[in-house]
Amino acid sequence: MGRPTGTVGSRYRLAMVPLASALALALITPAAAQTAPTDDATSLPAIQVNASRLDIPPFDVPAALSVIHVDPGNAGLPGVNFSEALAGVPGILARDRQNYAQDEQISIRGFGSRTTFGVRSIRVYMDGIPATLPDGQGQVSAFNLDSADRIEVLRGPFSVLYGNAAGGVIQLYTADGTPTPQTTLGVYGGSYDSFRYMADTRGTVGPVDYNIAASEFLSGGYRAHSRVRRESDNAKFGIDLGQQRKLTVVLNRINQPDTQDPLGLTRAQMEQDPRQATAVAATYNTRKSAKQNQVGLIYDQTLSASDQWRAMAYYGYRSIIQYLSIPTFVQKNPLQSGGVVAPATNYGGADLRWTHRGQLGSGSYEAVLGASGDYQIQRRTGYENFIGSTLGVKGTLRRNEHDNVNNVAGYAQFYWHFVPQWALLLGLRHDTVRFTEHDFYITPNNPDDSGHVTYSATTPVVGLQYRASDALRVYASYGRGFETPSYNELGYRADGQAGLAFDLKPARSNNYELGAKWQATKGLEVDAALFRADTRNELAVASNTNGRATYRNAGHTRREGVELSATGELAPDWRLSAGVTHLRARFQDSYLACTGSPCTVPTTPVAAGSRIPGVPQDYGSLRLEHGNGNGWREGITLTGVGSVVVNDFGTDRAAGYALVDVDAGYTFALGETTRLDLSARISNLADRRYVGSVIVNDGNGRYFEPGPDRSYMLGARLTF
């Protein structure tokens, strides 16, 4: 292979040195803080988290686990994108496409980077209810940050206890209702005709606590043809049933009509004008409409000090209609399913869990035993995107099938603090995932594509923790994971023939981690982790042409690296959240890949040791805040991402970048129970051009999705 053909222009080249220096300084700070401790620092709060399914503090979990308290308004952020809450969290990378038709591109330790839309290879939950379908496809667009309390990000081996596609786990939790009712009204406005309106009310009425939030986001978009309107509603009700029983009801809704899709840009287009849209985006009026409604019930009952039951059930409906840019001449192939995709999905499931606590030998233990079942019933239709010479409209039916998935699983965990300085965590899960397709579009030139395939896996995990002192934990863990193809990946065969790609194999991983957690001061924690994930039958993009992707198994891969983070208070009213990740993601085997478009037979070799596309080698972020309560508050956010290759061959890449965001706010006390928060934010202060995300292996060479130039946001929130 030759050297890469270049990076994204001179304005796109920005050294990572300033960011790395700042983050290194932040991570060194704890040592200095311990040398000169301050009695005024606030102690880290004792938090019981749910990501591990155990009733132990995150400091005592032998896994890389980050807990983020959500309050985007304090940083002058409107609360639109999930990435707003992730400053300083290592391992996870949320890349803003500036394209709300495709959602954010989220990866954890390199898992999830291949996705062209939504979230893959990562399990997503809201209040303990899956936001990932049983086929492994998820999305975070329904996350409502206005009503949120915290986000938990679990990385490494123990993620596999969540089953299919658990390269990492993201959980968002809605705050409980407050004892005293309070309501917040907010409005934000800024660059690119962006506006957001929100309302959140929470409180307690008798045995019921509630938290209800609603918002609307409108934007003309940074790029041409990227207009969006998104309505988001979320409600949580906690009902005290007495006798240590509680029922939680969670309702959420999202409506996103006619969101425009500007598509990716070639290098030449981006160098010419990064704000433009690809010409075919206007020609075919590429766009997407999505609606989702979901309800979930969680029942908790404490039988005694030793035993607790938890039952969860949920149901949802999601409909999408998306207009792609597939040319009319391509759709004349009788095996093509048209340029309009319209899936309608009913989904749901249930989970039953028993937790038991007791004494074993000289130490305490906690055991969890559970079973779950999830299903999706998807009616998937496809249509031509033209009628006669009129483009970008729904035409003749070209696809009609029912794509069903069922996932049945059982799991067990055992945590044993067997001696004062040692603790052991064991886990085991078994999943059976069955895909069934019923084809109702059968013609003389389009045969019956019906079929089914079943995948199953048993995934064990083990972790051992050493408590060197009250302030230091050291741990090692191992786990196996697996990931089935999603229906979007099964939907088209890479060889161009009829039928679904049922020949795809599930990816299977061995995951290793060695980590340490140090409470450097009362208010500051420093974490470090070494990790490695070896995967066989890696699921990778085979071709991505005209908005339609096919997939293949690409042999063995390895993702290995190190994470460092520091979170907490540096001094009174000074807060820090900093995280850096060094990641080496490589294909271990050579294989054949496609070049050009169209391509049904891969013939070009990719050498062993090649970088996995879409995965940066270095990335990190830092958030430093000052202020508390009434009066002024200020903040600065530094973000850095290394270069990424955009295809299997490494012949092109997006350069690394570093961004600086600053914000300031002032809180007015309007009486004893009312306050007004005003905020201002400047993003990309240095006005750098950069690539926010990439479309891996795009067959048209439209790899690049540019990030916005310098932009502004003003906000006001009234709480009473």
# chains A, B, ... in the order shown; residues from 1 in each chain; ligands from 1
$ select_by_dssp --residues "range 408-472 of chain A" --states "strand (DSSP E or B)" --output "count of residues only"
52
$ residues_around --residues "range 484-500 of chain A" --least-positions-apart "3" --cutoff "6 Å" --atoms "only C-alpha atoms" --output "VMD selection string"
chain A and resid 135 to 136 449 506 550 to 551 600
$ write_last_selection --atoms "all heavy atoms" --output "PDB file, in the first residue's frame"
ATOM      1  N   ASP A 135     -32.026  -6.376  17.675  1.00  0.00           N
ATOM      2  CA  ASP A 135     -31.054  -6.677  16.619  1.00  0.00           C
ATOM      3  C   ASP A 135     -29.754  -5.906  16.799  1.00  0.00           C
ATOM      4  O   ASP A 135     -28.809  -6.088  16.028  1.00  0.00           O
ATOM      5  CB  ASP A 135     -31.645  -6.413  15.240  1.00  0.00           C
ATOM      6  CG  ASP A 135     -31.830  -4.931  14.936  1.00  0.00           C
ATOM      7  OD1 ASP A 135     -31.847  -4.124  15.886  1.00  0.00           O
ATOM      8  OD2 ASP A 135     -31.963  -4.576  13.749  1.00  0.00           O
ATOM      9  N   GLY A 136     -29.685  -5.011  17.811  1.00  0.00           N
ATOM     10  CA  GLY A 136     -28.457  -4.291  18.100  1.00  0.00           C
ATOM     11  C   GLY A 136     -28.421  -2.866  17.600  1.00  0.00           C
ATOM     12  O   GLY A 136     -27.434  -2.162  17.833  1.00  0.00           O
ATOM     13  N   ASP A 449     -37.464 -13.864  -0.792  1.00  0.00           N
ATOM     14  CA  ASP A 449     -36.262 -13.714   0.027  1.00  0.00           C
ATOM     15  C   ASP A 449     -36.468 -14.173   1.463  1.00  0.00           C
ATOM     16  O   ASP A 449     -35.613 -13.905   2.323  1.00  0.00           O
ATOM     17  CB  ASP A 449     -35.810 -12.248   0.049  1.00  0.00           C
ATOM     18  CG  ASP A 449     -35.409 -11.742  -1.325  1.00  0.00           C
ATOM     19  OD1 ASP A 449     -34.988 -12.571  -2.149  1.00  0.00           O
ATOM     20  OD2 ASP A 449     -35.525 -10.524  -1.557  1.00  0.00           O
ATOM     21  N   PRO A 506     -21.768 -13.606  13.416  1.00  0.00           N
ATOM     22  CA  PRO A 506     -21.647 -12.643  14.520  1.00  0.00           C
ATOM     23  C   PRO A 506     -20.184 -12.416  14.872  1.00  0.00           C
ATOM     24  O   PRO A 506     -19.355 -13.331  14.783  1.00  0.00           O
ATOM     25  CB  PRO A 506     -22.401 -13.332  15.657  1.00  0.00           C
ATOM     26  CG  PRO A 506     -22.287 -14.788  15.358  1.00  0.00           C
ATOM     27  CD  PRO A 506     -22.302 -14.908  13.864  1.00  0.00           C
ATOM     28  N   THR A 550     -23.591  -2.092   2.411  1.00  0.00           N
ATOM     29  CA  THR A 550     -23.559  -3.536   2.613  1.00  0.00           C
ATOM     30  C   THR A 550     -22.387  -3.843   3.535  1.00  0.00           C
ATOM     31  O   THR A 550     -21.471  -3.037   3.702  1.00  0.00           O
ATOM     32  CB  THR A 550     -23.400  -4.300   1.286  1.00  0.00           C
ATOM     33  OG1 THR A 550     -22.134  -3.953   0.689  1.00  0.00           O
ATOM     34  CG2 THR A 550     -24.527  -3.954   0.319  1.00  0.00           C
ATOM     35  N   TYR A 551     -22.411  -5.054   4.119  1.00  0.00           N
ATOM     36  CA  TYR A 551     -21.435  -5.378   5.156  1.00  0.00           C
ATOM     37  C   TYR A 551     -20.835  -6.748   4.921  1.00  0.00           C
ATOM     38  O   TYR A 551     -21.353  -7.567   4.150  1.00  0.00           O
ATOM     39  CB  TYR A 551     -22.102  -5.314   6.537  1.00  0.00           C
ATOM     40  CG  TYR A 551     -22.570  -3.927   6.886  1.00  0.00           C
ATOM     41  CD1 TYR A 551     -23.800  -3.444   6.439  1.00  0.00           C
ATOM     42  CD2 TYR A 551     -21.770  -3.071   7.626  1.00  0.00           C
ATOM     43  CE1 TYR A 551     -24.218  -2.158   6.727  1.00  0.00           C
ATOM     44  CE2 TYR A 551     -22.184  -1.779   7.935  1.00  0.00           C
ATOM     45  CZ  TYR A 551     -23.399  -1.338   7.474  1.00  0.00           C
ATOM     46  OH  TYR A 551     -23.817  -0.056   7.757  1.00  0.00           O
ATOM     47  N   THR A 600     -19.326  -5.539  -6.425  1.00  0.00           N
ATOM     48  CA  THR A 600     -19.947  -6.717  -5.821  1.00  0.00           C
ATOM     49  C   THR A 600     -18.926  -7.801  -5.522  1.00  0.00           C
ATOM     50  O   THR A 600     -19.206  -8.711  -4.748  1.00  0.00           O
ATOM     51  CB  THR A 600     -21.038  -7.292  -6.738  1.00  0.00           C
ATOM     52  OG1 THR A 600     -20.467  -7.607  -8.018  1.00  0.00           O
ATOM     53  CG2 THR A 600     -22.167  -6.290  -6.928  1.00  0.00           C
TER      54      THR A 600
END
$ select_by_dssp --residues "range 28-154 of chain A" --states "helix (DSSP H, G or I)" --output "compact mmCIF listing (two decimals) with N, CA and C atoms, in the first residue's frame"
# COMPACT_ATOMS: atom_id res chain seq x y z
N ILE A 28 -2.08 15.97 36.26
CA ILE A 28 -1.02 16.09 37.24
C ILE A 28 -1.50 16.84 38.47
N THR A 29 -2.51 17.69 38.29
CA THR A 29 -2.99 18.56 39.36
C THR A 29 -3.29 17.82 40.66
N PRO A 30 -3.90 16.59 40.62
CA PRO A 30 -4.23 15.92 41.87
C PRO A 30 -3.03 15.74 42.79
N ALA A 31 -1.85 15.45 42.21
CA ALA A 31 -0.69 15.25 43.06
C ALA A 31 -0.37 16.51 43.83
N ALA A 32 -0.46 17.64 43.13
CA ALA A 32 -0.21 18.91 43.80
C ALA A 32 -1.28 19.19 44.84
N ALA A 33 -2.51 18.81 44.51
CA ALA A 33 -3.60 19.06 45.45
C ALA A 33 -3.42 18.25 46.72
N GLN A 34 -2.85 17.04 46.59
CA GLN A 34 -2.65 16.24 47.79
C GLN A 34 -1.51 16.79 48.64
N THR A 35 -0.55 17.40 47.96
CA THR A 35 0.55 17.98 48.69
C THR A 35 0.08 19.14 49.55
N PRO A 58 -19.69 3.37 42.53
CA PRO A 58 -18.86 3.17 41.32
C PRO A 58 -17.39 3.02 41.63
N PHE A 59 -16.92 3.62 42.74
CA PHE A 59 -15.52 3.51 43.11
C PHE A 59 -15.13 2.07 43.41
N ASP A 60 -16.11 1.25 43.83
CA ASP A 60 -15.84 -0.14 44.18
C ASP A 60 -16.19 -1.13 43.07
N PRO A 72 -26.72 20.72 31.24
CA PRO A 72 -26.10 21.44 30.12
C PRO A 72 -26.31 22.93 30.18
N GLY A 73 -27.39 23.39 30.85
CA GLY A 73 -27.65 24.82 30.91
C GLY A 73 -26.55 25.60 31.61
N ASN A 74 -25.86 24.97 32.56
CA ASN A 74 -24.77 25.65 33.26
C ASN A 74 -23.58 25.92 32.36
N ALA A 75 -23.49 25.19 31.24
CA ALA A 75 -22.40 25.42 30.29
C ALA A 75 -22.88 26.23 29.08
N PHE A 82 -26.52 14.71 22.66
CA PHE A 82 -25.98 13.88 23.73
C PHE A 82 -24.52 14.23 24.02
N SER A 83 -23.77 14.61 22.99
CA SER A 83 -22.35 14.92 23.16
C SER A 83 -22.12 16.09 24.12
N GLU A 84 -23.14 16.94 24.34
CA GLU A 84 -22.98 18.09 25.22
C GLU A 84 -22.63 17.68 26.64
N ALA A 85 -23.02 16.49 27.04
CA ALA A 85 -22.84 16.07 28.43
C ALA A 85 -21.57 15.26 28.65
$ residues_around --residues "Arg633 in chain A" --least-positions-apart "4" --cutoff "6 Å" --atoms "only C-alpha atoms" --output "list of chain:residue names"
A:His626, A:Gly627, A:Ala664, A:Gly665
$ write_last_selection --atoms "all heavy atoms" --output "PDB file, in the first residue's frame"
ATOM      1  N   HIS A 626     -15.895  27.481  36.848  1.00  0.00           N
ATOM      2  CA  HIS A 626     -15.764  28.270  38.070  1.00  0.00           C
ATOM      3  C   HIS A 626     -17.108  28.909  38.390  1.00  0.00           C
ATOM      4  O   HIS A 626     -17.816  29.376  37.493  1.00  0.00           O
ATOM      5  CB  HIS A 626     -14.708  29.374  37.910  1.00  0.00           C
ATOM      6  CG  HIS A 626     -14.647  30.300  39.080  1.00  0.00           C
ATOM      7  ND1 HIS A 626     -15.171  31.578  39.047  1.00  0.00           N
ATOM      8  CD2 HIS A 626     -14.149  30.123  40.340  1.00  0.00           C
ATOM      9  CE1 HIS A 626     -14.987  32.155  40.216  1.00  0.00           C
ATOM     10  NE2 HIS A 626     -14.374  31.301  41.023  1.00  0.00           N
ATOM     11  N   GLY A 627     -17.461  28.926  39.657  1.00  0.00           N
ATOM     12  CA  GLY A 627     -18.711  29.544  40.079  1.00  0.00           C
ATOM     13  C   GLY A 627     -19.650  28.540  40.691  1.00  0.00           C
ATOM     14  O   GLY A 627     -19.586  27.345  40.423  1.00  0.00           O
ATOM     15  N   ALA A 664     -20.120  31.738  29.662  1.00  0.00           N
ATOM     16  CA  ALA A 664     -20.279  32.527  30.882  1.00  0.00           C
ATOM     17  C   ALA A 664     -21.762  32.654  31.177  1.00  0.00           C
ATOM     18  O   ALA A 664     -22.607  32.597  30.270  1.00  0.00           O
ATOM     19  CB  ALA A 664     -19.639  33.908  30.737  1.00  0.00           C
ATOM     20  N   GLY A 665     -22.073  32.818  32.449  1.00  0.00           N
ATOM     21  CA  GLY A 665     -23.470  32.967  32.838  1.00  0.00           C
ATOM     22  C   GLY A 665     -23.595  33.750  34.126  1.00  0.00           C
ATOM     23  O   GLY A 665     -22.622  33.952  34.861  1.00  0.00           O
TER      24      GLY A 665
END
$ residues_around --residues "Tyr365 in chain A" --least-positions-apart "3" --cutoff "9 Å" --atoms "only C-alpha atoms" --output "compact mmCIF listing (two decimals) with C-alpha atoms, in the first residue's frame"
# COMPACT_ATOMS: atom_id res chain seq x y z
CA HIS A 356 -29.97 -11.35 47.20
CA ARG A 357 -27.45 -10.06 49.78
CA GLY A 358 -25.80 -12.01 52.56
CA GLN A 359 -22.62 -13.11 54.32
CA LEU A 360 -20.25 -15.76 53.01
CA PHE A 414 -22.02 -12.53 41.94
CA TYR A 415 -20.08 -9.87 43.86
CA TRP A 416 -18.16 -11.06 46.92
CA HIS A 417 -16.10 -8.81 49.20
CA PHE A 418 -14.47 -11.92 50.62
